[in-house]
Each structure stands twice: as structure tokens, then as C-alpha cells.
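**Q** Dropping in input-v5.tsv, which is TSV, C-alpha atoms:
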```
chain	number	residue	atom	x	y	z
W	1	MET	CA	-14.74	-3.52	13.78
W	2	PRO	CA	-16.99	-0.63	12.64
W	3	GLY	CA	-16.50	0.63	9.12
W	4	THR	CA	-16.21	4.21	7.93
W	5	VAL	CA	-17.93	5.67	4.87
W	6	LEU	CA	-17.03	9.00	3.28
W	7	MET	CA	-19.47	10.25	0.63
W	8	LEU	CA	-18.07	13.16	-1.37
W	9	ALA	CA	-20.01	14.88	-4.14
W	10	ALA	CA	-18.43	17.98	-5.65
W	11	ALA	CA	-18.73	20.14	-8.76
W	12	PRO	CA	-18.38	23.83	-9.60
W	13	VAL	CA	-21.33	26.15	-9.30
W	14	GLY	CA	-22.39	27.73	-12.57
W	15	ARG	CA	-21.47	27.17	-16.20
W	16	GLY	CA	-18.36	25.11	-15.45
W	17	ARG	CA	-20.39	22.25	-13.96
W	18	LEU	CA	-20.09	19.05	-16.00
W	19	VAL	CA	-22.04	16.74	-13.66
W	20	ASP	CA	-24.82	17.16	-11.14
W	21	ALA	CA	-22.76	15.40	-8.49
W	22	ALA	CA	-24.88	16.19	-5.43
W	23	ALA	CA	-27.90	14.53	-7.03
W	24	VAL	CA	-26.52	11.14	-6.01
W	25	LEU	CA	-26.33	11.87	-2.29
W	26	PRO	CA	-30.02	11.32	-1.46
W	27	VAL	CA	-29.84	7.92	-3.17
W	28	LEU	CA	-26.67	6.94	-1.30
W	29	ALA	CA	-28.06	8.29	1.97
W	30	ALA	CA	-31.03	5.94	1.63
W	31	VAL	CA	-28.68	2.93	1.83
W	32	ASP	CA	-28.11	1.37	5.24
W	33	PRO	CA	-24.67	2.51	6.52
W	34	ALA	CA	-23.62	-1.06	7.22
W	35	VAL	CA	-24.33	-1.99	3.60
W	36	LEU	CA	-22.41	1.04	2.32
W	37	ALA	CA	-19.41	-0.06	4.38
W	38	GLY	CA	-19.73	-3.83	4.09
W	39	THR	CA	-19.46	-4.13	7.88
W	40	ALA	CA	-21.84	-4.85	10.75
W	41	THR	CA	-21.89	-1.17	11.79
W	42	ALA	CA	-20.53	1.98	10.20
W	43	ASN	CA	-20.01	5.71	10.62
W	44	VAL	CA	-20.96	7.88	7.64
W	45	VAL	CA	-19.59	11.31	6.71
W	46	GLU	CA	-21.23	13.25	3.88
W	47	LEU	CA	-19.71	16.19	1.99
W	48	ALA	CA	-22.04	17.91	-0.48
W	49	ASP	CA	-20.52	20.52	-2.82
W	50	PRO	CA	-17.73	21.54	-0.41
W	51	VAL	CA	-16.02	24.88	-0.93
W	52	GLU	CA	-12.62	24.57	0.75
W	53	PRO	CA	-9.98	21.95	-0.21
W	54	GLN	CA	-8.66	22.01	3.36
W	55	ALA	CA	-12.09	21.08	4.72
W	56	VAL	CA	-12.18	18.04	2.44
W	57	LEU	CA	-8.64	17.15	3.49
W	58	THR	CA	-9.58	17.30	7.17
W	59	ARG	CA	-12.50	14.90	6.67
W	60	LEU	CA	-10.46	12.55	4.50
W	61	ARG	CA	-7.61	12.56	7.03
W	62	ALA	CA	-9.98	11.69	9.87
W	63	ALA	CA	-11.61	8.93	7.84
W	64	SER	CA	-8.27	7.42	6.82
W	65	ALA	CA	-7.17	7.31	10.46
W	66	ALA	CA	-10.17	5.16	11.44
W	67	PRO	CA	-9.03	1.63	12.28
W	68	GLY	CA	-11.76	-0.32	10.47
W	69	PRO	CA	-12.54	-0.73	6.75
W	70	LEU	CA	-12.94	2.51	4.82
W	71	THR	CA	-15.15	3.00	1.77
W	72	VAL	CA	-15.04	6.31	-0.10
W	73	TYR	CA	-17.71	7.25	-2.67
W	74	VAL	CA	-16.56	10.15	-4.87
W	75	THR	CA	-18.78	11.80	-7.46
W	76	GLY	CA	-17.68	14.87	-9.39
W	77	GLN	CA	-15.45	16.24	-12.10
W	78	LEU	CA	-11.74	16.33	-12.74
W	79	GLN	CA	-9.95	19.48	-13.83
W	80	LEU	CA	-6.29	20.02	-14.57
W	81	ASP	CA	-3.90	22.41	-12.88
W	82	ARG	CA	-2.38	23.66	-16.11
W	83	ARG	CA	0.87	24.81	-14.51
W	84	GLN	CA	1.78	21.50	-12.86
W	85	ARG	CA	-0.32	19.23	-15.10
W	86	LEU	CA	-1.93	17.57	-12.08
W	87	PRO	CA	-5.57	16.41	-11.89
W	88	HIS	CA	-7.82	17.91	-9.21
W	89	LEU	CA	-11.35	17.23	-8.01
W	90	ALA	CA	-13.22	20.44	-8.75
W	91	LEU	CA	-15.09	22.01	-5.82
W	92	ALA	CA	-17.90	24.55	-5.69
W	93	ARG	CA	-15.76	27.64	-6.40
W	94	THR	CA	-13.39	26.05	-8.92
W	95	THR	CA	-12.85	27.68	-12.30
W	96	PRO	CA	-10.26	26.75	-14.95
W	97	ALA	CA	-8.07	29.65	-13.78
W	98	THR	CA	-8.26	28.82	-10.05
W	99	VAL	CA	-7.88	25.02	-10.03
W	100	ARG	CA	-4.66	25.07	-8.01
W	101	TYR	CA	-6.20	27.03	-5.15
W	102	THR	CA	-9.88	26.07	-5.12
W	103	ALA	CA	-9.92	22.38	-6.14
W	104	PHE	CA	-8.84	19.25	-4.26
W	105	PRO	CA	-5.56	17.81	-5.61
W	106	TRP	CA	-6.09	14.21	-6.57
W	107	HIS	CA	-2.72	13.16	-5.14
W	108	TRP	CA	-4.02	14.09	-1.68
W	109	PHE	CA	-6.15	10.93	-1.83
W	110	ARG	CA	-2.99	8.89	-2.33
W	111	GLU	CA	-1.11	10.75	0.40
W	112	GLU	CA	-3.82	10.29	3.01
W	113	LEU	CA	-4.57	6.64	2.24
W	114	ARG	CA	-0.98	5.40	1.79
W	115	LEU	CA	-0.50	4.00	5.30
W	116	ARG	CA	-3.71	2.02	5.41
W	117	ALA	CA	-3.32	-1.74	5.39
W	118	PRO	CA	-3.96	-3.55	2.10
W	119	GLY	CA	-7.52	-4.77	1.76
W	120	THR	CA	-9.07	-2.18	4.09
W	121	THR	CA	-9.74	0.69	1.66
W	122	THR	CA	-12.11	0.91	-1.32
W	123	LEU	CA	-12.85	3.85	-3.62
W	124	PHE	CA	-15.96	3.99	-5.81
W	125	LEU	CA	-15.59	6.77	-8.39
W	126	ASP	CA	-18.05	8.37	-10.80
W	127	LEU	CA	-16.07	11.16	-12.43
W	128	HIS	CA	-16.34	13.40	-15.47
W	129	ALA	CA	-13.14	14.90	-16.92
W	130	ASP	CA	-12.52	18.20	-18.64
W	131	ALA	CA	-10.67	18.16	-21.95
W	132	ASP	CA	-7.20	18.77	-20.49
W	133	THR	CA	-7.55	16.07	-17.85
W	134	TRP	CA	-8.97	13.61	-20.35
W	135	GLU	CA	-5.93	14.07	-22.57
W	136	LEU	CA	-3.63	13.47	-19.58
W	137	LEU	CA	-5.52	10.32	-18.56
W	138	ARG	CA	-4.76	8.74	-21.91
W	139	THR	CA	-1.17	8.24	-20.77
W	140	THR	CA	-1.24	8.76	-16.98
W	141	PRO	CA	-3.86	6.89	-14.95
W	142	LEU	CA	-5.24	8.28	-11.70
W	143	ASP	CA	-2.99	7.24	-8.84
W	144	THR	CA	-4.83	6.28	-5.66
W	145	GLY	CA	-1.96	4.40	-4.04
W	146	ARG	CA	-0.72	0.84	-3.82
W	147	THR	CA	-3.17	-0.46	-1.18
W	148	THR	CA	-6.51	0.90	-2.39
W	149	ALA	CA	-9.14	-0.99	-4.37
W	150	VAL	CA	-10.70	1.29	-7.01
W	151	TYR	CA	-13.91	0.79	-8.99
W	152	GLY	CA	-15.92	3.11	-11.19
W	153	ARG	CA	-15.73	5.10	-14.40
W	154	ILE	CA	-14.40	8.37	-15.77
W	155	ALA	CA	-16.51	9.97	-18.51
W	156	PRO	CA	-14.92	12.08	-21.25
W	157	PRO	CA	-15.75	15.77	-21.68
W	158	PRO	CA	-19.08	16.43	-23.35
W	159	GLY	CA	-19.05	17.10	-27.05
W	160	ARG	CA	-21.12	20.22	-26.51
W	161	ARG	CA	-22.11	22.07	-23.40
W	162	GLY	CA	-25.64	21.45	-22.24
W	163	THR	CA	-27.20	20.52	-18.95
W	164	PRO	CA	-24.85	18.83	-16.46
W	165	ALA	CA	-24.62	15.05	-16.85
W	166	ALA	CA	-26.15	12.68	-14.32
W	167	PRO	CA	-23.91	10.50	-12.12
W	168	THR	CA	-25.53	7.37	-13.49
W	169	TYR	CA	-22.83	4.92	-12.35
W	170	MET	CA	-23.02	6.00	-8.71
W	171	LYS	CA	-26.82	6.08	-8.81
W	172	ALA	CA	-26.84	2.54	-10.19
W	173	LEU	CA	-24.45	1.46	-7.45
W	174	ALA	CA	-26.64	3.02	-4.76
W	175	THR	CA	-29.79	1.46	-6.22
W	176	ILE	CA	-28.23	-2.00	-6.05
W	177	LEU	CA	-27.12	-1.45	-2.45
W	178	ARG	CA	-30.58	-0.26	-1.40
W	179	SER	CA	-31.68	-3.87	-1.67
W	180	GLY	CA	-29.77	-4.45	1.56
W	181	HIS	CA	-27.23	-6.79	-0.06
W	182	ARG	CA	-23.63	-5.85	-0.88
W	183	PRO	CA	-22.20	-8.26	-3.48
W	184	PRO	CA	-18.43	-8.81	-3.76
W	185	LEU	CA	-16.83	-5.58	-4.94
W	186	GLY	CA	-15.97	-6.72	-8.46
W	187	GLN	CA	-19.47	-8.10	-8.98
W	188	LEU	CA	-21.06	-4.95	-7.55
W	189	HIS	CA	-19.02	-2.85	-9.97
W	190	GLU	CA	-20.01	-4.97	-12.97
W	191	LEU	CA	-23.70	-4.83	-12.01
W	192	ALA	CA	-23.52	-1.05	-11.72
W	193	LEU	CA	-21.83	-0.75	-15.12
W	194	THR	CA	-24.58	-2.76	-16.81
W	195	ARG	CA	-27.14	-0.25	-15.47
W	196	THR	CA	-25.08	2.82	-16.40
W	197	GLU	CA	-26.11	4.72	-19.50
W	198	GLU	CA	-23.63	5.55	-22.27
W	199	THR	CA	-20.41	4.00	-21.03
W	200	ALA	CA	-18.89	3.69	-24.50
W	201	GLY	CA	-15.55	5.48	-24.60
W	202	HIS	CA	-15.37	5.87	-20.83
W	203	LEU	CA	-12.41	4.84	-18.72
W	204	VAL	CA	-13.52	1.91	-16.59
W	205	LEU	CA	-11.75	1.55	-13.25
W	206	ALA	CA	-11.56	-1.91	-11.69
W	207	ALA	CA	-8.41	-2.56	-9.69
W	208	ALA	CA	-8.05	-4.53	-6.49
W	209	PRO	CA	-4.78	-3.94	-4.62
W	210	PRO	CA	-2.07	-6.54	-5.25
W	211	SER	CA	-1.81	-9.38	-2.78
W	212	THR	CA	1.14	-8.60	-0.52
W	213	PRO	CA	1.16	-11.07	2.38
W	214	ASN	CA	4.64	-9.98	3.49
W	215	ASP	CA	4.00	-6.25	3.12
W	216	PRO	CA	5.87	-4.50	5.96
W	217	HIS	CA	3.23	-1.77	6.00
W	218	ALA	CA	0.65	-4.29	7.19
W	219	ALA	CA	2.80	-5.31	10.17
W	220	ILE	CA	3.38	-1.65	11.02
W	221	THR	CA	-0.35	-0.90	10.80
W	222	ASP	CA	-1.13	-3.84	13.07
W	223	ALA	CA	1.38	-2.57	15.63
W	224	VAL	CA	-0.19	0.90	15.60
W	225	ARG	CA	-3.67	-0.53	16.06
W	226	ALA	CA	-2.40	-2.51	19.06
W	227	GLY	CA	-0.90	0.65	20.57
W	228	ARG	CA	2.66	-0.64	20.11
W	229	HIS	CA	3.98	2.63	18.72
W	230	SER	CA	7.62	2.07	19.59
W	231	HIS	CA	7.58	-1.30	17.85
W	232	ALA	CA	5.94	0.22	14.77
W	233	ASP	CA	8.63	2.92	14.60
W	234	ALA	CA	11.40	0.36	15.07
W	235	LEU	CA	10.06	-1.68	12.14
W	236	ALA	CA	9.88	1.41	9.93
W	237	ALA	CA	13.39	2.45	11.01
W	238	GLN	CA	14.75	-0.92	9.89
W	239	TRP	CA	13.20	-0.48	6.46
W	240	GLU	CA	14.44	3.11	6.27
W	241	GLN	CA	17.99	2.02	7.06
W	242	ALA	CA	17.82	-0.70	4.42
W	243	ALA	CA	16.54	1.82	1.85
W	244	VAL	CA	19.34	4.26	2.70
W	245	ARG	CA	21.90	1.46	2.35
W	246	ASP	CA	20.50	0.18	-0.95
W	247	HIS	CA	19.35	3.38	-2.65
W	248	GLY	CA	20.92	6.35	-0.86
W	249	PRO	CA	19.60	8.82	1.76
W	250	GLY	CA	17.89	11.08	-0.78
W	251	SER	CA	16.16	8.27	-2.69
W	252	GLU	CA	12.39	8.00	-2.93
W	253	GLU	CA	12.62	4.65	-1.16
W	254	ALA	CA	14.39	6.16	1.86
W	255	LEU	CA	12.18	9.25	1.91
W	256	HIS	CA	9.08	7.05	1.82
W	257	TRP	CA	10.11	5.33	5.05
W	258	ALA	CA	10.97	8.68	6.61
W	259	GLU	CA	7.43	9.79	5.77
W	260	VAL	CA	6.06	6.63	7.36
W	261	ARG	CA	8.00	7.42	10.55
W	262	ALA	CA	6.69	10.99	10.53
W	263	ASP	CA	3.13	9.67	10.41
W	264	LEU	CA	3.89	7.10	13.10
W	265	ALA	CA	5.06	9.89	15.41
W	266	MET	CA	1.73	11.63	14.81
W	267	PHE	CA	-0.18	8.44	15.66
W	268	ALA	CA	1.92	8.09	18.81
W	269	GLY	CA	0.90	11.58	19.94
W	270	ASP	CA	4.35	13.15	19.43
W	271	PRO	CA	3.72	16.14	17.13
W	272	ALA	CA	7.19	17.61	17.78
W	273	ARG	CA	8.96	14.51	16.48
W	274	SER	CA	6.54	14.30	13.56
W	275	CYS	CA	7.11	17.98	12.69
W	276	ARG	CA	10.89	17.60	12.93
W	277	THR	CA	10.81	14.60	10.59
W	278	TRP	CA	8.59	16.34	8.02
W	279	LEU	CA	10.90	19.37	8.09
W	280	ALA	CA	13.87	17.11	7.35
W	281	ILE	CA	11.99	15.41	4.51
W	282	ALA	CA	11.06	18.73	2.92
W	283	ALA	CA	14.63	19.98	3.20
W	284	ALA	CA	15.96	16.77	1.64
W	285	ARG	CA	13.58	17.05	-1.30
W	286	LEU	CA	14.52	20.68	-1.91
W	287	ALA	CA	18.22	19.83	-1.64
W	288	ALA	CA	17.70	17.12	-4.26
W	289	GLY	CA	16.48	19.77	-6.70
W	290	GLN	CA	12.73	19.22	-6.41
W	291	PRO	CA	10.82	22.47	-7.06
W	292	ALA	CA	9.07	24.27	-4.21
W	293	ASP	CA	5.66	23.60	-5.73
W	294	ALA	CA	6.25	19.87	-6.27
W	295	PRO	CA	3.41	17.91	-4.62
W	296	ALA	CA	5.74	15.92	-2.36
W	297	VAL	CA	7.52	19.08	-1.19
W	298	GLU	CA	4.29	20.95	-0.52
W	299	ALA	CA	2.85	17.95	1.30
W	300	ALA	CA	5.90	17.66	3.56
W	301	VAL	CA	5.83	21.34	4.54
W	302	ASP	CA	2.05	21.32	5.01
W	303	ARG	CA	2.29	18.30	7.30
W	304	ALA	CA	5.17	19.85	9.24
W	305	HIS	CA	3.05	22.98	9.67
W	306	HIS	CA	0.04	20.98	10.84
W	307	GLN	CA	2.07	19.04	13.38
W	308	TRP	CA	3.82	22.20	14.59
W	309	SER	CA	0.40	23.66	15.34
W	310	GLU	CA	-0.12	20.74	17.76
W	311	VAL	CA	3.16	21.32	19.66
W	312	THR	CA	2.36	22.89	23.06
W	313	ALA	CA	5.81	23.02	24.73
W	314	PRO	CA	6.96	26.63	24.15
W	315	ALA	CA	10.67	25.86	23.68
W	316	ALA	CA	9.98	23.08	21.19
W	317	ALA	CA	7.43	25.20	19.33
W	318	LEU	CA	9.90	28.07	19.12
W	319	GLU	CA	12.75	25.91	17.85
W	320	LEU	CA	10.64	24.07	15.28
W	321	GLY	CA	8.79	27.23	14.25
W	322	THR	CA	12.05	28.97	13.47
W	323	ALA	CA	12.94	26.16	11.08
W	324	LEU	CA	9.42	26.08	9.66
W	325	VAL	CA	9.26	29.79	8.87
W	326	GLY	CA	12.36	29.45	6.68
W	327	LEU	CA	10.80	26.58	4.75
W	328	ARG	CA	7.45	28.36	4.48
W	329	ALA	CA	9.19	31.30	2.85
W	330	GLN	CA	10.41	28.89	0.16
W	331	VAL	CA	7.26	26.74	0.02
W	332	PRO	CA	4.19	28.94	0.61
W	333	GLY	CA	1.81	26.12	-0.34
W	334	ARG	CA	-1.78	26.44	-1.45
W	335	ARG	CA	-3.36	27.88	1.69
W	336	ALA	CA	-3.36	31.66	1.80
W	337	GLY	CA	-1.70	33.14	4.86
W	338	ALA	CA	0.26	30.04	5.90
W	339	LEU	CA	3.56	31.91	6.23
W	340	GLU	CA	1.97	34.72	8.20
W	341	HIS	CA	0.36	32.17	10.52
W	342	VAL	CA	3.82	30.85	11.43
W	343	ARG	CA	5.22	34.34	11.90
W	344	ARG	CA	2.35	35.42	14.18
W	345	ARG	CA	2.76	32.43	16.45
W	346	LEU	CA	6.53	32.85	16.53
W	347	ARG	CA	6.14	36.46	17.63
W	348	ARG	CA	3.89	35.33	20.49
W	349	LEU	CA	6.35	32.61	21.49
W	350	GLU	CA	9.31	34.97	21.39
W	351	ALA	CA	7.47	37.37	23.65
W	352	GLN	CA	6.99	34.69	26.30
W	353	PRO	CA	9.69	33.51	28.72
W	354	THR	CA	10.32	29.83	27.99
W	355	ARG	CA	11.48	27.51	30.74
W	356	SER	CA	10.89	24.24	28.97
W	357	THR	CA	13.74	22.41	27.33
W	358	VAL	CA	13.70	20.65	24.01
W	359	SER	CA	15.56	17.61	25.25
W	360	GLY	CA	13.91	14.34	24.40
W	361	VAL	CA	11.73	15.87	21.68
```
Would you mind writing the file's structure down as C-alpha cells?
**A**
Amino acid sequence: MPGTVLMLAAAPVGRGRLVDAAAVLPVLAAVDPAVLAGTATANVVELADPVEPQAVLTRLRAASAAPGPLTVYVTGQLQLDRRQRLPHLALARTTPATVRYTAFPWHWFREELRLRAPGTTTLFLDLHADADTWELLRTTPLDTGRTTAVYGRIAPPPGRRGTPAAPTYMKALATILRSGHRPPLGQLHELALTRTEETAGHLVLAAAPPSTPNDPHAAITDAVRAGRHSHADALAAQWEQAAVRDHGPGSEEALHWAEVRADLAMFAGDPARSCRTWLAIAAARLAAGQPADAPAVEAAVDRAHHQWSEVTAPAAALELGTALVGLRAQVPGRRAGALEHVRRRLRRLEAQPTRSTVSGV
């Protein structure tokens, strides 16, 4: 099965730049795509100094939906959203005051990769942290999800500002791969570290996902790949019911399986059902006392909004949009104009006679 490679190099323009992230892309681009992916053939997507977090999310979402192995190479710098204390990957327009709106939230990596089968996803990271993020990382490691293998390093903030640092770990990795041989991941990581300058005091990342032969997510993923969407949803429903029975309907365990079912509806081409499920998840999180700007709440509303945009049946779009506009008023999210986008479409829908029914949605 073909592999997928996503190469992402990002850093702010101007004085806030800690690392010359884009400098690594020509070296990575010189590597054969099959070697980058560790597969016989591969598709490669390159993002150099992107500006919009949503554009990065779109590419990551498409890459994570690919059925074959996925390898993501990320070079850049981490900055902290000081209000929520959440690490972000800084993009071209990011400044310390605009992190929340102009940088890519790190937890979006976890959210987009969470349904991939264990053993199919690898992240190689060469990151530099600002002072606030570095302090956070002392007690809270970067979370990339339970199924993702992660290798690389995070460099501390520079003692004094000078020229941006070089992404020496990623360049070393690319140089090794240019030989045409891709060693086992752990060995490749160790070889790259030995060629990386000044790693003393850095956080070294080397974590393969735990072996989970009976992981229900793997069986669900296999069913989706085989086009057995109803079977995949039935499996997830069983686990959701068990989580509700054991932990309660508002528990993280139960909400996790509800989120899985929302994604399964998307994979099955049923955006209305997916939207309805995400709306219910967002409402449940808010009812449990989670703040409107909590990452899980924002993610649920954003995904409901995205799926609603795919609903074409007027009656279903009108019904779901009416529920969505209420949630959007509470959870505006990070994208400017999201609430107004819902309102504009609702006005158009309300002005049209609708003959469709919502039954069966």
C-alpha cells in the first residue's frame, strides 16, 4: 500500500524566529519519496512556512485519512498560548501575543491522528521551544496520541538572541536517508542524534506506540478500510455502551467512543449523522462544566461545523444549522467569522422552500 509523507517546516517571520525551519526542506526533498515513507511508493505533501492554521489542518486531515503508512516530518518552534497554557507550532505570522489565533495547536496533531491504527504513523520532530513552552515541557510532555511513534528532539530557548538556529537533527536525518536506505526507526533516530550538534540539555523524543494486539481501534480501522462502515460503527457502539455502563455517559471514556462514531460517520459519507454526533458531544462537554475554549469543546464544535458544511439536504442542513448556531454563539472557536458563516447559510436555507425530510438522517 502506498505511503504518505507530510513535510511541515514552520517558523515566524522576523525577530521571533528561533530556527530556520524551511532550510531543511531542500534536503528532505532530495530524498526518494519511497525512502521517506518506508514503503514501495509514496505521496509527498510539503508545507513551507504556512500562514494559516486551518490550511495546515486541512493537509494534516487529508494525510491522516490516507489508508497506508503515514510519516510526518515537522521542523519548527513551539510557543505557548499563555491563556490556556497549551503548546502551539508557530507559523509565519505568529507573535507571542497572537499564538492562539495564528499558530497551529499541538493537540490538533493528536486529534487528527487518533483513529489511525497502531504501527502506521510516525512523527519525526526537530523543534525549538520558547521559554514558556520549555518550562511547561519540564512537567508535561508533548502529547501526540496513543498510536503514534515519535522520534526527534526539542531544543531549549537560546540563551541570547542571535541568528536563527539550524534544524541540525532533521538535516542529519535527511542526509542519512539520501543514501537510499531507511534503517529501523529507532536506529535511524540514534544515527541522526549522533550527527546532531549540541544536543546537551535537549529533550530527546524516542517513543514507539505500545503493543496492543487486541486494540479495538485496529479492528475498527480494518473494517473502514474494507468498506464495512456499518460493522465499524457497530463495533464502536458496543465499546461506547460499555463505557457508558462502566464510567457514565459524560465520562471521557464514553465521549471518546462517541467521537470515534462521529468520525466513522464522516468516513461512511454521512455528514449529517457526523454533525449531529459532534453537536451532542460538544453539548455534553459544556453540560459537564468544560469551558467554551477548552480544546475538546472547540474541536467538537469545529468538526460539527465542518460536517454541517458538507450536508446538502436542505431540511437536514436547516435543522442541524439551527442547533449549530446556538453552539457557535457559545463556542466561537479560533477561526474569525465562523458564527457569521453559519448565520449566512441559515438565512439562505430559510429563504428556500424545503421539501426534503430529515427522516433517516
**Q** Could you list, as an mmCIF file with C-alpha atoms, keeping the file's coordinate frame, every residue within 12 Å of Arg344 (chain W), counting only C-alpha atoms and ignoring same-chain residues fewer than 4 positions away?
**A**
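Saved as around04.cif:
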```
data_model
loop_
_atom_site.group_PDB
_atom_site.id
_atom_site.type_symbol
_atom_site.label_atom_id
_atom_site.label_comp_id
_atom_site.auth_asym_id
_atom_site.auth_seq_id
_atom_site.Cartn_x
_atom_site.Cartn_y
_atom_site.Cartn_z
ATOM 1 C CA SER W 309 0.400 23.660 15.340
ATOM 2 C CA LEU W 318 9.900 28.070 19.120
ATOM 3 C CA GLY W 321 8.790 27.230 14.250
ATOM 4 C CA THR W 322 12.050 28.970 13.470
ATOM 5 C CA VAL W 325 9.260 29.790 8.870
ATOM 6 C CA GLY W 337 -1.700 33.140 4.860
ATOM 7 C CA ALA W 338 0.260 30.040 5.900
ATOM 8 C CA LEU W 339 3.560 31.910 6.230
ATOM 9 C CA GLU W 340 1.970 34.720 8.200
ATOM 10 C CA ARG W 348 3.890 35.330 20.490
ATOM 11 C CA LEU W 349 6.350 32.610 21.490
ATOM 12 C CA GLU W 350 9.310 34.970 21.390
ATOM 13 C CA ALA W 351 7.470 37.370 23.650
#
```
**Q** Please indicate the distance in Å from CA of Leu346 (chain W) to CA of Glu319 (chain W), rounded to one decimal place.
**A**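 Here the two named atoms are 9.4 Å from each other.
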**Q** Check the smallest atom-to-atom distance from each of W:Arg261, W:His202, W:Arg110, W:Lys171 to Glu240 (chain W) using only C-alpha atoms, then report the winner.
**A**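 Once distances to Glu240 (chain W) are computed over only C-alpha atoms, the minimum belongs to W:Arg261.
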**Q** Fewer than 4 positions away in the same chain doesn't count, so skip those; otherwise give me all residues within 10 Å of Ala10 (chain W), counting all atoms listed in the file, as a list in words.
**A**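 My list of contacting residues is Arg17, Val19, Asp20, Ala21, Ala22, Leu47, Ala48, Asp49, Pro50, Val51, Val74, Thr75, Gly76, Gln77, Leu78, Leu89, Ala90, Leu91, Ala92, Ala103, Phe104 and Leu127 of chain W.
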**Q** At a cut-off of 10 Å, using all atoms listed in the file, what residues contact Ala34 (chain W)? Leave out same-chain residues fewer than 5 positions from it and give the result as a list of chain:residue names.
**A**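 What passes the distance filter is W:Pro2, W:Gly3, W:Thr4, W:Val5, W:Thr39, W:Ala40, W:Thr41, W:Ala42, W:Asn43, W:Val44, W:Gly180, W:His181, W:Arg182.
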**Q** Could you please take those selected residues and save C-alpha atoms as a PDB file, in the frame of the given file?
**A**
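What ended up in out.pdb:
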```pdb
ATOM      1  CA  PRO W   2     -16.990  -0.630  12.640  1.00  0.00           C
ATOM      2  CA  GLY W   3     -16.500   0.630   9.120  1.00  0.00           C
ATOM      3  CA  THR W   4     -16.210   4.210   7.930  1.00  0.00           C
ATOM      4  CA  VAL W   5     -17.930   5.670   4.870  1.00  0.00           C
ATOM      5  CA  THR W  39     -19.460  -4.130   7.880  1.00  0.00           C
ATOM      6  CA  ALA W  40     -21.840  -4.850  10.750  1.00  0.00           C
ATOM      7  CA  THR W  41     -21.890  -1.170  11.790  1.00  0.00           C
ATOM      8  CA  ALA W  42     -20.530   1.980  10.200  1.00  0.00           C
ATOM      9  CA  ASN W  43     -20.010   5.710  10.620  1.00  0.00           C
ATOM     10  CA  VAL W  44     -20.960   7.880   7.640  1.00  0.00           C
ATOM     11  CA  GLY W 180     -29.770  -4.450   1.560  1.00  0.00           C
ATOM     12  CA  HIS W 181     -27.230  -6.790  -0.060  1.00  0.00           C
ATOM     13  CA  ARG W 182     -23.630  -5.850  -0.880  1.00  0.00           C
TER      14      ARG W 182
END
```
**Q** Between CA of Arg328 (chain W) and CA of Arg83 (chain W), what distance in Å does the model show, to one decimal?
**A** 20.4 Å
**Q** Got a sec to write region 305-323 of chain W of the block to a file, N, CA and C atoms, as a PDB file, in the first residue's frame?
**A**
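out-v1.pdb, written as the output of this step:
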```
ATOM      1  N   HIS W 305     -19.216  21.878  12.674  1.00  0.00           N
ATOM      2  CA  HIS W 305     -19.342  22.927  11.659  1.00  0.00           C
ATOM      3  C   HIS W 305     -18.839  22.424  10.306  1.00  0.00           C
ATOM      4  N   HIS W 306     -17.700  21.769  10.311  1.00  0.00           N
ATOM      5  CA  HIS W 306     -17.139  21.246   9.060  1.00  0.00           C
ATOM      6  C   HIS W 306     -18.084  20.234   8.417  1.00  0.00           C
ATOM      7  N   GLN W 307     -18.617  19.331   9.210  1.00  0.00           N
ATOM      8  CA  GLN W 307     -19.516  18.324   8.653  1.00  0.00           C
ATOM      9  C   GLN W 307     -20.840  18.948   8.199  1.00  0.00           C
ATOM     10  N   TRP W 308     -21.317  19.956   8.933  1.00  0.00           N
ATOM     11  CA  TRP W 308     -22.545  20.639   8.517  1.00  0.00           C
ATOM     12  C   TRP W 308     -22.372  21.287   7.148  1.00  0.00           C
ATOM     13  N   SER W 309     -21.170  21.795   6.887  1.00  0.00           N
ATOM     14  CA  SER W 309     -20.901  22.412   5.586  1.00  0.00           C
ATOM     15  C   SER W 309     -21.016  21.407   4.445  1.00  0.00           C
ATOM     16  N   GLU W 310     -20.917  20.107   4.762  1.00  0.00           N
ATOM     17  CA  GLU W 310     -20.999  19.062   3.740  1.00  0.00           C
ATOM     18  C   GLU W 310     -22.421  18.543   3.557  1.00  0.00           C
ATOM     19  N   VAL W 311     -23.348  18.953   4.423  1.00  0.00           N
ATOM     20  CA  VAL W 311     -24.737  18.476   4.341  1.00  0.00           C
ATOM     21  C   VAL W 311     -25.442  19.224   3.204  1.00  0.00           C
ATOM     22  N   THR W 312     -25.996  18.483   2.242  1.00  0.00           N
ATOM     23  CA  THR W 312     -26.636  19.116   1.084  1.00  0.00           C
ATOM     24  C   THR W 312     -28.157  19.110   1.165  1.00  0.00           C
ATOM     25  N   ALA W 313     -28.759  18.187   1.899  1.00  0.00           N
ATOM     26  CA  ALA W 313     -30.221  18.143   2.016  1.00  0.00           C
ATOM     27  C   ALA W 313     -30.696  19.385   2.776  1.00  0.00           C
ATOM     28  N   PRO W 314     -31.528  20.226   2.168  1.00  0.00           N
ATOM     29  CA  PRO W 314     -31.898  21.500   2.803  1.00  0.00           C
ATOM     30  C   PRO W 314     -32.529  21.336   4.180  1.00  0.00           C
ATOM     31  N   ALA W 315     -33.458  20.383   4.333  1.00  0.00           N
ATOM     32  CA  ALA W 315     -34.138  20.243   5.621  1.00  0.00           C
ATOM     33  C   ALA W 315     -33.161  19.831   6.714  1.00  0.00           C
ATOM     34  N   ALA W 316     -32.272  18.890   6.395  1.00  0.00           N
ATOM     35  CA  ALA W 316     -31.277  18.461   7.373  1.00  0.00           C
ATOM     36  C   ALA W 316     -30.318  19.595   7.705  1.00  0.00           C
ATOM     37  N   ALA W 317     -29.888  20.332   6.678  1.00  0.00           N
ATOM     38  CA  ALA W 317     -28.970  21.451   6.913  1.00  0.00           C
ATOM     39  C   ALA W 317     -29.623  22.523   7.769  1.00  0.00           C
ATOM     40  N   LEU W 318     -30.907  22.762   7.561  1.00  0.00           N
ATOM     41  CA  LEU W 318     -31.609  23.773   8.346  1.00  0.00           C
ATOM     42  C   LEU W 318     -31.743  23.340   9.802  1.00  0.00           C
ATOM     43  N   GLU W 319     -32.131  22.092  10.000  1.00  0.00           N
ATOM     44  CA  GLU W 319     -32.288  21.594  11.375  1.00  0.00           C
ATOM     45  C   GLU W 319     -30.961  21.610  12.124  1.00  0.00           C
ATOM     46  N   LEU W 320     -29.925  21.059  11.498  1.00  0.00           N
ATOM     47  CA  LEU W 320     -28.625  20.980  12.166  1.00  0.00           C
ATOM     48  C   LEU W 320     -28.005  22.363  12.323  1.00  0.00           C
ATOM     49  N   GLY W 321     -28.209  23.231  11.324  1.00  0.00           N
ATOM     50  CA  GLY W 321     -27.658  24.580  11.416  1.00  0.00           C
ATOM     51  C   GLY W 321     -28.272  25.381  12.541  1.00  0.00           C
ATOM     52  N   THR W 322     -29.543  25.164  12.805  1.00  0.00           N
ATOM     53  CA  THR W 322     -30.194  25.856  13.913  1.00  0.00           C
ATOM     54  C   THR W 322     -29.565  25.466  15.249  1.00  0.00           C
ATOM     55  N   ALA W 323     -29.244  24.185  15.388  1.00  0.00           N
ATOM     56  CA  ALA W 323     -28.554  23.743  16.605  1.00  0.00           C
ATOM     57  C   ALA W 323     -27.123  24.262  16.642  1.00  0.00           C
TER      58      ALA W 323
END
```
